[in-house]
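What follows is a set of notes on a single structure, which appears directly below.
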Amino acid sequence: MVNTLFAVAALCMTSVLLCKVLERYAREQAVMLTIGTAAGGLLLLLTMLEPLLTQIHQLFQVAGLPDTYIAVLWKALGICYVTQLAGDVCRDSREEALCSVVHMAGKIALMVQALPLIRGLMSMISEVLG
């Protein structure tokens with residue numbers, strides 16, 4: 001796991017150096033290198049997520065929570081990661097307006113994903129009060 005972390009760090013640091021050189025001559029290629037490196041780094045990090053995902057799934061099972069709740073959690077995590085990465089790429093490309101749009105879309109998607117949890121919470125509250 002630590003080896004993967006060091007590999008991702010080395011990949012990103014090397015990419016930063018190359019991007020700084022490329023920015024002077026070809027800004028578009030520097031952005032493409034950033035996007036490619038981010039995608040490659042995320043693929044490497046996926047190997048680190050498997051043990052964590054297994055542990056969280058076991059915790060949900062022990063707690064007796066429905067599988068729909070854990071599905072909402074995974075989707076919300078995915079939305080957060082994708083939103084952060086896309087927003088950072090837009091910001092690095094000096095496109096602040098696009099970054100804002102990506103962040104707003106992420107927030108809306110999170111709210112849509114949270115609706116089943118809110119519905120379940122409201123039904124629990126009504127059972128307790130009623």
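If you're wondering about the labels, chains in the structure tokens are A, B, ... by order shown, residues count from 1 in each chain, ligands from 1 in order shown.
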
For this session: Considering only C-alpha atoms, return as a list in words whatever protein or nucleic-acid residues lie within 12 Å of region 14-27 of chain A, sequence-local ones (same chain, fewer than 2 positions apart) excluded.
Result: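 Answer for this query is Ala7, Val8, Ala9, Ala10, Leu11, Cys12, Gln29, Ala30, Val31, Met32, Leu33, Thr34, Ile35, Gly36, Thr37, Ala38, Gly40, Gly41, Asp92, Ser93 and Arg94 of chain A.
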
Problem set entry | Nearest-residue call for Thr47 (chain A), choices A:Met13, A:Val2, A:Val62, A:Cys80, using only C-alpha atoms |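 Once distances to Thr47 (chain A) are computed over only C-alpha atoms, the minimum belongs to A:Val2.
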
For this session: Figure out the distance between CA of Leu85 (chain A) and CA of Leu44 (chain A), please, to one decimal in Å.
Result: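 Separation between CA of Leu44 (chain A) and CA of Leu85 (chain A): 15.0 Å.
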
For this session: Would you mind reading off the distance between CA of Gly87 (chain A) and CA of Pro51 (chain A), one decimal, in Å?
Result: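 Between CA of Gly87 (chain A) and CA of Pro51 (chain A) the gap works out to 27.4 Å.
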
Exercise. When distances are computed from only C-alpha atoms, which of A:Ala76, A:Leu129, A:Leu5, A:Met122 shows the smallest separation from Leu110 (chain A)?
Worked result: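 Selected residue with least distance to Leu110 (chain A): A:Ala76.
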
For this session: Report the distance between CA of Leu98 (chain A) and CA of Ala86 (chain A) in Å, rounded to one decimal place.
Result: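 Straight-line distance from CA of Leu98 (chain A) to CA of Ala86 (chain A) works out to 9.3 Å.
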
Exercise. Out of A:Gln55, A:Thr68, A:Gln61, A:Ser100, which residue has the shortest atom-to-atom distance to Leu115 (chain A) when counting only C-alpha atoms?
Worked result: A:Thr68

Seminar exercise, completed: Closest of A:Met1, A:Ala39, A:Leu73, A:Ala63 to Leu117 (chain A), counting only C-alpha atoms, is A:Leu73

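Comparing A:Ala97, A:Glu50, A:Gly64, A:Lys107 by their smallest distance to Tyr81 (chain A), the closest is A:Lys107 (using only C-alpha atoms).
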